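Please read the structure below before turning to the comments.
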There are 2 protein chains.
Amino acid sequence: MNSRFPVSLHILTLLDGAKGEVVSSDYLAGSININPVLVRKEIANLRKYGFVDSKEGKGGGSFLAKNATEINLGEVYKAVKSDYILGQNKNEPNPKCPVGRQINEHLLGLYTDAENALIAYLAKQTLADFALKFK
Amino acid sequence: MNSRFPVSLHILTLLDGAKGEVVSSDYLAGSININPVLVRKEIANLRKYGFVDSKEGKGGGSFLAKNATEINLGEVYKAVKSDYILGQNKNEPNPKCPVGRQINEHLLGLYTDAENALIAYLAKQTLADFALKFK
DNA sequence: TAAACTGTAATAAATATTATTACAATATAA
DNA sequence: TTATATTGTAATAATATTTATTACAGTTTA
């Protein structure tokens, strides 16, 4: 499991706290304690999903492109997800076995529904709600 | 993300199909298409949780220790889970930053609730329900 | 007592993740 | 107009995780 969700949420929380001021990838990386290049990559993704925008050049950095009340955690999850939520076997199961032949199809159905249940839960909370927990 | 959940569910589905007959780790591994040693490790875990039992020696193998209607997929998930559901940053966030200092605590709260939502969904389905999908 | 298994440890190989280096492009401001 | 601070991104290296393999002792059966 990678750390893209917590890293993205950390970035978004910091940007929310900055109230429109731009924040550099170095500053963000310093709070998260990861390499700034990873932060910039993650920001590229958040930008792609319309959550943030960035300004290049000296004095540049990133800022929220939407109000924190308009970003829910289900959307953030969808923006970073890559793996199957409950894992996958990379090898092809045995097609000669009735279970092997059909399991991926049935796992996919299960995963789709399970992920929707998770997203529904996450979608109840906005970035604003999350950021409010910080004192 | 590892493949422990799909591997465990595959094993359990095969054992359900075997109707009490013992199934060898070699046979299970052949259907899943993974190494038999991994199957035996995963079976050791399923045994620890009381889902299966095994018989050593020639003609040995594993079998369900409970009725498939008494095993729900939420329990299976709990038996194999190791990672935080939405990932974790292994490096310690910056304690000098208010967000860095508190984020793990707030992520933990979020993850606990999110995982409970996922488990609640999975718990609605038994192994028997899942196995019934196979023709 | 040979054969077919499980259980498990140790190690190797493969894959995935994260970190680092490097540098072009961009914007600011002295 | 030029030095500086930044983003964007590619390439590579380092680290961590996952999976596979090898090896073998112990168990049970026939």
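Labels for the structure tokens follow display order: chains A, B, ..., residues from 1 in each chain, ligands from 1.
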
Using every C-alpha atom paired in order, could you least-squares fit chain A onto chain B and give me the moved chain as a CSV table (one decimal) with N, CA and C atoms, in the first residue's frame?
chain,number,residue,atom,x,y,z
A,1,MET,N,0.0,-3.1,-1.9
A,1,MET,CA,-1.1,-4.0,-1.4
A,1,MET,C,-0.8,-5.4,-1.7
A,2,ASN,N,-0.9,-6.3,-0.7
A,2,ASN,CA,-0.7,-7.7,-1.0
A,2,ASN,C,-2.0,-8.4,-1.4
A,3,SER,N,-1.9,-9.7,-1.6
A,3,SER,CA,-3.0,-10.4,-2.2
A,3,SER,C,-3.6,-11.4,-1.2
A,4,ARG,N,-3.4,-11.1,0.1
A,4,ARG,CA,-3.9,-12.0,1.1
A,4,ARG,C,-5.4,-12.2,1.1
A,5,PHE,N,-6.2,-11.1,1.0
A,5,PHE,CA,-7.6,-11.3,1.0
A,5,PHE,C,-8.1,-12.1,-0.2
A,6,PRO,N,-7.8,-11.8,-1.4
A,6,PRO,CA,-8.2,-12.6,-2.5
A,6,PRO,C,-7.7,-14.1,-2.4
A,7,VAL,N,-6.5,-14.3,-1.9
A,7,VAL,CA,-6.0,-15.6,-1.8
A,7,VAL,C,-6.8,-16.4,-0.7
A,8,SER,N,-7.1,-15.7,0.4
A,8,SER,CA,-7.8,-16.4,1.4
A,8,SER,C,-9.2,-16.7,1.0
A,9,LEU,N,-9.9,-15.8,0.3
A,9,LEU,CA,-11.2,-16.0,-0.2
A,9,LEU,C,-11.2,-17.2,-1.2
A,10,HIS,N,-10.2,-17.2,-2.0
A,10,HIS,CA,-10.1,-18.3,-3.1
A,10,HIS,C,-10.0,-19.6,-2.3
A,11,ILE,N,-9.1,-19.7,-1.3
A,11,ILE,CA,-9.0,-20.9,-0.6
A,11,ILE,C,-10.3,-21.3,0.0
A,12,LEU,N,-10.9,-20.4,0.7
A,12,LEU,CA,-12.2,-20.7,1.4
A,12,LEU,C,-13.3,-21.2,0.4
A,13,THR,N,-13.3,-20.6,-0.7
A,13,THR,CA,-14.3,-20.9,-1.8
A,13,THR,C,-14.0,-22.4,-2.2
A,14,LEU,N,-12.8,-22.7,-2.5
A,14,LEU,CA,-12.4,-24.1,-2.9
A,14,LEU,C,-12.8,-25.1,-1.8
A,15,LEU,N,-12.5,-24.7,-0.6
A,15,LEU,CA,-12.8,-25.7,0.5
A,15,LEU,C,-14.3,-25.9,0.7
A,16,ASP,N,-15.0,-24.8,0.5
A,16,ASP,CA,-16.5,-24.9,0.5
A,16,ASP,C,-17.0,-25.9,-0.6
A,17,GLY,N,-16.4,-25.8,-1.7
A,17,GLY,CA,-16.8,-26.6,-2.8
A,17,GLY,C,-16.4,-28.1,-2.6
A,18,ALA,N,-15.4,-28.3,-1.7
A,18,ALA,CA,-15.0,-29.7,-1.5
A,18,ALA,C,-15.9,-30.4,-0.5
A,19,LYS,N,-16.8,-29.7,0.1
A,19,LYS,CA,-17.8,-30.3,1.0
A,19,LYS,C,-17.2,-31.3,2.0
A,20,GLY,N,-16.2,-30.8,2.8
A,20,GLY,CA,-15.7,-31.6,3.9
A,20,GLY,C,-14.5,-32.5,3.5
A,21,GLU,N,-14.3,-32.8,2.3
A,21,GLU,CA,-13.2,-33.5,1.8
A,21,GLU,C,-11.9,-32.7,2.0
A,22,VAL,N,-10.8,-33.3,2.4
A,22,VAL,CA,-9.6,-32.5,2.6
A,22,VAL,C,-9.0,-32.1,1.2
A,23,VAL,N,-8.4,-30.9,1.1
A,23,VAL,CA,-7.8,-30.4,-0.1
A,23,VAL,C,-6.4,-30.1,0.2
A,24,SER,N,-5.5,-30.5,-0.7
A,24,SER,CA,-4.1,-30.3,-0.4
A,24,SER,C,-3.7,-28.9,-0.8
A,25,SER,N,-2.6,-28.4,-0.2
A,25,SER,CA,-2.1,-27.1,-0.5
A,25,SER,C,-1.6,-27.0,-2.0
A,26,ASP,N,-1.2,-28.1,-2.5
A,26,ASP,CA,-0.7,-28.2,-3.9
A,26,ASP,C,-1.9,-27.9,-4.8
A,27,TYR,N,-3.0,-28.6,-4.5
A,27,TYR,CA,-4.2,-28.4,-5.3
A,27,TYR,C,-4.7,-26.9,-5.3
A,28,LEU,N,-4.8,-26.4,-4.1
A,28,LEU,CA,-5.2,-25.0,-3.9
A,28,LEU,C,-4.3,-24.1,-4.6
A,29,ALA,N,-3.0,-24.3,-4.5
A,29,ALA,CA,-2.0,-23.4,-5.1
A,29,ALA,C,-2.1,-23.5,-6.6
A,30,GLY,N,-2.5,-24.7,-7.1
A,30,GLY,CA,-2.7,-24.8,-8.6
A,30,GLY,C,-3.9,-24.1,-9.1
A,31,SER,N,-4.9,-23.9,-8.3
A,31,SER,CA,-6.1,-23.2,-8.8
A,31,SER,C,-5.8,-21.7,-8.7
A,32,ILE,N,-5.1,-21.3,-7.6
A,32,ILE,CA,-4.8,-19.8,-7.4
A,32,ILE,C,-3.7,-19.4,-8.3
A,33,ASN,N,-2.8,-20.3,-8.6
A,33,ASN,CA,-1.6,-20.1,-9.3
A,33,ASN,C,-0.6,-19.3,-8.5
A,34,ILE,N,-0.3,-19.7,-7.3
A,34,ILE,CA,0.8,-19.2,-6.4
A,34,ILE,C,1.5,-20.4,-5.8
A,35,ASN,N,2.6,-20.0,-5.1
A,35,ASN,CA,3.4,-21.1,-4.5
A,35,ASN,C,2.7,-21.8,-3.4
A,36,PRO,N,2.8,-23.1,-3.3
A,36,PRO,CA,2.1,-23.8,-2.2
A,36,PRO,C,2.5,-23.4,-0.8
A,37,VAL,N,3.7,-23.0,-0.7
A,37,VAL,CA,4.2,-22.5,0.7
A,37,VAL,C,3.4,-21.3,1.1
A,38,LEU,N,3.1,-20.4,0.2
A,38,LEU,CA,2.2,-19.3,0.6
A,38,LEU,C,0.8,-19.7,1.0
A,39,VAL,N,0.3,-20.7,0.3
A,39,VAL,CA,-1.0,-21.3,0.6
A,39,VAL,C,-1.0,-21.8,2.0
A,40,ARG,N,0.1,-22.6,2.3
A,40,ARG,CA,0.1,-23.1,3.7
A,40,ARG,C,0.2,-22.1,4.8
A,41,LYS,N,1.0,-21.0,4.4
A,41,LYS,CA,1.0,-19.9,5.4
A,41,LYS,C,-0.3,-19.2,5.6
A,42,GLU,N,-1.0,-19.1,4.5
A,42,GLU,CA,-2.3,-18.4,4.6
A,42,GLU,C,-3.3,-19.3,5.3
A,43,ILE,N,-3.2,-20.6,5.1
A,43,ILE,CA,-4.0,-21.6,5.8
A,43,ILE,C,-3.7,-21.5,7.3
A,44,ALA,N,-2.5,-21.4,7.6
A,44,ALA,CA,-2.1,-21.3,9.1
A,44,ALA,C,-2.9,-20.1,9.7
A,45,ASN,N,-3.0,-19.1,9.0
A,45,ASN,CA,-3.7,-17.9,9.5
A,45,ASN,C,-5.2,-18.2,9.6
A,46,LEU,N,-5.8,-18.7,8.5
A,46,LEU,CA,-7.2,-19.0,8.5
A,46,LEU,C,-7.5,-20.0,9.7
A,47,ARG,N,-6.6,-20.9,9.9
A,47,ARG,CA,-6.8,-21.9,11.0
A,47,ARG,C,-6.8,-21.1,12.4
A,48,LYS,N,-5.9,-20.2,12.5
A,48,LYS,CA,-5.8,-19.4,13.7
A,48,LYS,C,-7.1,-18.7,14.0
A,49,TYR,N,-7.8,-18.3,12.9
A,49,TYR,CA,-9.1,-17.6,13.1
A,49,TYR,C,-10.3,-18.6,13.2
A,50,GLY,N,-10.0,-19.9,13.1
A,50,GLY,CA,-11.0,-20.9,13.3
A,50,GLY,C,-11.9,-21.2,12.0
A,51,PHE,N,-11.4,-20.7,10.9
A,51,PHE,CA,-12.2,-20.9,9.7
A,51,PHE,C,-12.0,-22.3,9.1
A,52,VAL,N,-10.7,-22.7,9.2
A,52,VAL,CA,-10.4,-24.0,8.6
A,52,VAL,C,-9.7,-24.9,9.6
A,53,ASP,N,-9.5,-26.1,9.3
A,53,ASP,CA,-8.6,-27.0,10.0
A,53,ASP,C,-7.9,-27.9,9.0
A,54,SER,N,-6.8,-28.5,9.5
A,54,SER,CA,-5.9,-29.2,8.5
A,54,SER,C,-5.6,-30.6,9.1
A,55,LYS,N,-5.2,-31.4,8.2
A,55,LYS,CA,-4.8,-32.8,8.6
A,55,LYS,C,-3.5,-33.0,8.0
A,56,GLU,N,-2.5,-33.4,8.9
A,56,GLU,CA,-1.2,-33.6,8.4
A,56,GLU,C,-1.0,-35.0,7.8
A,57,GLY,N,0.2,-35.2,7.2
A,57,GLY,CA,0.5,-36.6,6.7
A,57,GLY,C,-0.1,-36.9,5.4
A,58,LYS,N,0.2,-38.1,4.9
A,58,LYS,CA,-0.3,-38.6,3.6
A,58,LYS,C,-1.8,-38.5,3.6
A,59,GLY,N,-2.3,-38.0,2.4
A,59,GLY,CA,-3.8,-37.9,2.3
A,59,GLY,C,-4.3,-36.7,3.1
A,60,GLY,N,-3.4,-35.9,3.7
A,60,GLY,CA,-3.8,-34.8,4.5
A,60,GLY,C,-4.2,-33.6,3.6
A,61,GLY,N,-4.6,-32.5,4.3
A,61,GLY,CA,-5.0,-31.3,3.6
A,61,GLY,C,-5.9,-30.5,4.5
A,62,SER,N,-6.6,-29.6,3.9
A,62,SER,CA,-7.4,-28.7,4.8
A,62,SER,C,-8.9,-28.8,4.4
A,63,PHE,N,-9.7,-28.3,5.4
A,63,PHE,CA,-11.2,-28.3,5.2
A,63,PHE,C,-11.8,-27.2,6.0
A,64,LEU,N,-13.0,-26.8,5.7
A,64,LEU,CA,-13.7,-25.8,6.5
A,64,LEU,C,-14.0,-26.3,7.9
A,65,ALA,N,-13.7,-25.5,8.9
A,65,ALA,CA,-14.0,-25.8,10.3
A,65,ALA,C,-15.3,-25.3,10.7
A,66,LYS,N,-16.0,-24.5,9.9
A,66,LYS,CA,-17.3,-23.9,10.2
A,66,LYS,C,-18.1,-24.0,9.0
A,67,ASN,N,-19.4,-23.9,9.1
A,67,ASN,CA,-20.3,-23.9,8.0
A,67,ASN,C,-20.1,-22.6,7.2
A,68,ALA,N,-20.1,-22.6,5.9
A,68,ALA,CA,-19.9,-21.5,5.1
A,68,ALA,C,-20.9,-20.4,5.4
A,69,THR,N,-22.0,-20.7,5.9
A,69,THR,CA,-23.0,-19.7,6.2
A,69,THR,C,-22.6,-18.9,7.5
A,70,GLU,N,-21.6,-19.5,8.2
A,70,GLU,CA,-21.2,-18.9,9.5
A,70,GLU,C,-19.9,-18.1,9.4
A,71,ILE,N,-19.4,-18.0,8.1
A,71,ILE,CA,-18.2,-17.2,7.9
A,71,ILE,C,-18.6,-16.0,7.0
A,72,ASN,N,-18.5,-14.8,7.6
A,72,ASN,CA,-18.8,-13.7,6.7
A,72,ASN,C,-17.5,-13.0,6.3
A,73,LEU,N,-17.7,-12.2,5.2
A,73,LEU,CA,-16.5,-11.7,4.5
A,73,LEU,C,-15.8,-10.6,5.3
A,74,GLY,N,-16.6,-10.0,6.2
A,74,GLY,CA,-16.0,-9.0,7.1
A,74,GLY,C,-15.0,-9.7,8.1
A,75,GLU,N,-15.3,-10.8,8.5
A,75,GLU,CA,-14.4,-11.6,9.4
A,75,GLU,C,-13.1,-12.0,8.6
A,76,VAL,N,-13.3,-12.4,7.4
A,76,VAL,CA,-12.2,-12.8,6.6
A,76,VAL,C,-11.3,-11.6,6.4
A,77,TYR,N,-11.9,-10.5,6.1
A,77,TYR,CA,-11.1,-9.2,5.9
A,77,TYR,C,-10.3,-9.0,7.2
A,78,LYS,N,-10.9,-9.1,8.4
A,78,LYS,CA,-10.2,-8.8,9.6
A,78,LYS,C,-9.1,-9.8,9.9
A,79,ALA,N,-9.3,-11.0,9.4
A,79,ALA,CA,-8.3,-12.1,9.6
A,79,ALA,C,-7.0,-11.8,8.8
A,80,VAL,N,-7.1,-11.1,7.7
A,80,VAL,CA,-5.9,-10.9,6.8
A,80,VAL,C,-5.4,-9.5,6.8
A,81,LYS,N,-6.1,-8.5,7.4
A,81,LYS,CA,-5.7,-7.1,7.2
A,81,LYS,C,-4.4,-6.9,8.0
A,82,SER,N,-3.6,-6.0,7.4
A,82,SER,CA,-2.3,-5.6,8.0
A,82,SER,C,-2.1,-4.1,7.8
A,83,ASP,N,-2.2,-3.7,6.6
A,83,ASP,CA,-2.0,-2.3,6.3
A,83,ASP,C,-3.1,-1.4,6.9
A,84,TYR,N,-2.8,-0.1,7.0
A,84,TYR,CA,-3.9,0.9,7.2
A,84,TYR,C,-4.7,0.9,5.8
A,85,ILE,N,-6.0,0.9,5.9
A,85,ILE,CA,-6.8,0.8,4.7
A,85,ILE,C,-6.5,1.8,3.7
A,86,LEU,N,-6.2,3.0,4.0
A,86,LEU,CA,-6.0,4.1,3.0
A,86,LEU,C,-4.5,4.5,3.0
A,87,GLY,N,-3.6,3.6,3.5
A,87,GLY,CA,-2.2,3.9,3.4
A,87,GLY,C,-1.6,4.7,4.5
A,88,GLN,N,-0.3,4.6,4.7
A,88,GLN,CA,0.3,5.4,5.7
A,88,GLN,C,1.7,5.9,5.2
A,89,ASN,N,2.0,7.1,5.6
A,89,ASN,CA,3.3,7.6,5.4
A,89,ASN,C,4.2,7.0,6.5
A,90,LYS,N,5.3,6.3,6.2
A,90,LYS,CA,6.1,5.7,7.2
A,90,LYS,C,7.0,6.7,7.9
A,91,ASN,N,7.3,7.8,7.3
A,91,ASN,CA,8.1,8.8,8.0
A,91,ASN,C,7.3,9.5,9.0
A,92,GLU,N,7.9,9.9,10.1
A,92,GLU,CA,7.2,10.7,11.1
A,92,GLU,C,7.0,12.1,10.6
A,93,PRO,N,5.8,12.6,10.5
A,93,PRO,CA,5.6,14.0,10.1
A,93,PRO,C,6.2,15.0,11.1
A,94,ASN,N,6.4,16.2,10.6
A,94,ASN,CA,7.1,17.2,11.4
A,94,ASN,C,6.3,17.6,12.6
A,95,PRO,N,6.9,17.3,13.8
A,95,PRO,CA,6.2,17.6,15.0
A,95,PRO,C,6.1,19.1,15.3
A,96,LYS,N,6.9,19.9,14.6
A,96,LYS,CA,6.9,21.4,14.8
A,96,LYS,C,5.8,22.0,14.1
A,97,CYS,N,5.1,21.3,13.1
A,97,CYS,CA,4.0,21.8,12.4
A,97,CYS,C,2.7,21.3,13.0
A,98,PRO,N,1.8,22.2,13.2
A,98,PRO,CA,0.5,21.8,13.8
A,98,PRO,C,-0.2,20.7,13.1
A,99,VAL,N,-0.1,20.8,11.8
A,99,VAL,CA,-0.8,19.7,11.0
A,99,VAL,C,0.0,18.4,11.1
A,100,GLY,N,1.4,18.6,10.9
A,100,GLY,CA,2.2,17.4,11.0
A,100,GLY,C,2.1,16.7,12.4
A,101,ARG,N,2.0,17.5,13.4
A,101,ARG,CA,1.9,17.0,14.7
A,101,ARG,C,0.6,16.2,15.0
A,102,GLN,N,-0.5,16.6,14.4
A,102,GLN,CA,-1.8,16.0,14.7
A,102,GLN,C,-2.3,15.0,13.6
A,103,ILE,N,-1.7,15.1,12.4
A,103,ILE,CA,-2.4,14.4,11.3
A,103,ILE,C,-2.5,12.9,11.6
A,104,ASN,N,-1.6,12.2,12.2
A,104,ASN,CA,-1.7,10.8,12.3
A,104,ASN,C,-2.9,10.4,13.2
A,105,GLU,N,-3.1,11.2,14.2
A,105,GLU,CA,-4.2,11.0,15.1
A,105,GLU,C,-5.5,11.1,14.3
A,106,HIS,N,-5.6,12.1,13.5
A,106,HIS,CA,-6.9,12.4,12.8
A,106,HIS,C,-7.1,11.4,11.7
A,107,LEU,N,-6.0,11.0,11.1
A,107,LEU,CA,-6.0,9.9,10.0
A,107,LEU,C,-6.5,8.6,10.7
A,108,LEU,N,-6.0,8.3,11.8
A,108,LEU,CA,-6.4,7.1,12.5
A,108,LEU,C,-7.9,7.1,12.8
A,109,GLY,N,-8.4,8.2,13.2
A,109,GLY,CA,-9.9,8.3,13.5
A,109,GLY,C,-10.6,8.0,12.2
A,110,LEU,N,-10.2,8.7,11.1
A,110,LEU,CA,-10.8,8.5,9.8
A,110,LEU,C,-10.8,7.1,9.4
A,111,TYR,N,-9.6,6.5,9.5
A,111,TYR,CA,-9.4,5.1,9.0
A,111,TYR,C,-10.2,4.1,9.8
A,112,THR,N,-10.3,4.3,11.1
A,112,THR,CA,-11.1,3.4,11.9
A,112,THR,C,-12.5,3.4,11.4
A,113,ASP,N,-13.1,4.6,11.3
A,113,ASP,CA,-14.5,4.7,10.9
A,113,ASP,C,-14.7,4.2,9.4
A,114,ALA,N,-13.7,4.5,8.6
A,114,ALA,CA,-13.8,4.0,7.2
A,114,ALA,C,-13.8,2.5,7.1
A,115,GLU,N,-12.9,2.0,7.9
A,115,GLU,CA,-12.7,0.5,7.9
A,115,GLU,C,-14.0,-0.2,8.4
A,116,ASN,N,-14.5,0.5,9.4
A,116,ASN,CA,-15.8,-0.1,10.0
A,116,ASN,C,-16.9,-0.1,9.0
A,117,ALA,N,-17.0,1.0,8.2
A,117,ALA,CA,-18.0,1.0,7.1
A,117,ALA,C,-17.7,-0.1,6.1
A,118,LEU,N,-16.5,-0.3,5.8
A,118,LEU,CA,-16.1,-1.4,4.8
A,118,LEU,C,-16.5,-2.7,5.4
A,119,ILE,N,-16.1,-2.9,6.6
A,119,ILE,CA,-16.4,-4.2,7.3
A,119,ILE,C,-17.9,-4.5,7.4
A,120,ALA,N,-18.6,-3.4,7.7
A,120,ALA,CA,-20.1,-3.6,7.8
A,120,ALA,C,-20.6,-4.0,6.5
A,121,TYR,N,-20.1,-3.5,5.4
A,121,TYR,CA,-20.6,-3.9,4.1
A,121,TYR,C,-20.2,-5.4,3.8
A,122,LEU,N,-19.0,-5.7,4.1
A,122,LEU,CA,-18.5,-7.1,3.8
A,122,LEU,C,-19.2,-8.1,4.7
A,123,ALA,N,-19.5,-7.7,5.9
A,123,ALA,CA,-20.2,-8.6,6.9
A,123,ALA,C,-21.6,-9.1,6.5
A,124,LYS,N,-22.1,-8.3,5.5
A,124,LYS,CA,-23.5,-8.7,5.0
A,124,LYS,C,-23.4,-10.0,4.2
A,125,GLN,N,-22.2,-10.3,3.7
A,125,GLN,CA,-22.1,-11.4,2.8
A,125,GLN,C,-21.3,-12.6,3.5
A,126,THR,N,-21.9,-13.8,3.4
A,126,THR,CA,-21.2,-14.9,3.9
A,126,THR,C,-20.4,-15.6,2.8
A,127,LEU,N,-19.5,-16.5,3.3
A,127,LEU,CA,-18.8,-17.3,2.3
A,127,LEU,C,-19.8,-18.1,1.4
A,128,ALA,N,-20.8,-18.6,2.1
A,128,ALA,CA,-21.8,-19.3,1.3
A,128,ALA,C,-22.4,-18.5,0.2
A,129,ASP,N,-22.8,-17.2,0.5
A,129,ASP,CA,-23.3,-16.3,-0.5
A,129,ASP,C,-22.3,-16.2,-1.7
A,130,PHE,N,-21.0,-16.0,-1.3
A,130,PHE,CA,-20.0,-15.8,-2.3
A,130,PHE,C,-19.8,-17.0,-3.2
A,131,ALA,N,-19.7,-18.2,-2.5
A,131,ALA,CA,-19.5,-19.4,-3.2
A,131,ALA,C,-20.6,-19.8,-4.2
A,132,LEU,N,-21.8,-19.3,-3.8
A,132,LEU,CA,-23.0,-19.6,-4.7
A,132,LEU,C,-22.9,-18.9,-6.0
A,133,LYS,N,-22.1,-17.9,-6.2
A,133,LYS,CA,-22.0,-17.2,-7.4
A,133,LYS,C,-21.3,-18.1,-8.5
A,134,PHE,N,-20.6,-19.1,-8.0
A,134,PHE,CA,-19.8,-19.9,-9.0
A,134,PHE,C,-20.7,-21.0,-9.6
A,135,LYS,N,-20.6,-21.1,-10.9
A,135,LYS,CA,-21.4,-22.1,-11.6
A,135,LYS,C,-20.6,-23.3,-12.0

Using only C-alpha atoms (C1' of nucleotides), find each residue of chain D with at least one atom at most 10 Å away from an atom of range 8-12 of chain C; report its shortest atom-to-atom pair and that distance in Å (one decimal), sort the rows by chain and rising residue number, and return the result as a tab-separated table.
residue	atom	partner	partner_atom	distance
D:DA20	C1'	C:DA12	C1'	8.1
D:DT21	C1'	C:DA12	C1'	7.3
D:DT22	C1'	C:DT11	C1'	8.1
D:DA23	C1'	C:DA10	C1'	8.7
D:DC24	C1'	C:DT8	C1'	9.5
D:DA25	C1'	C:DT8	C1'	9.3

* Asked: To one decimal place, how far is C1' of DT2 in chain D from C1' of DA24 in chain C in Å?
  ->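 Spanning C1' of DT2 in chain D to C1' of DA24 in chain C is a straight-line distance of 17.3 Å.
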
* From chain A, collect each residue whose DSSP state is helix (DSSP H, G or I) and return the set as a ChimeraX atom specification. => /A:4-17,25-32,36-48,68-70,73-80,98-122,127-131

* **Proximal residues of chain C relative to chain B (only C-alpha atoms (C1' of nucleotides); 10 Å) as a list in words** =>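 Per the criterion, chain C yields DA3, DA4, DC5, DT6, DG7, DT8 and DA16 of chain C.
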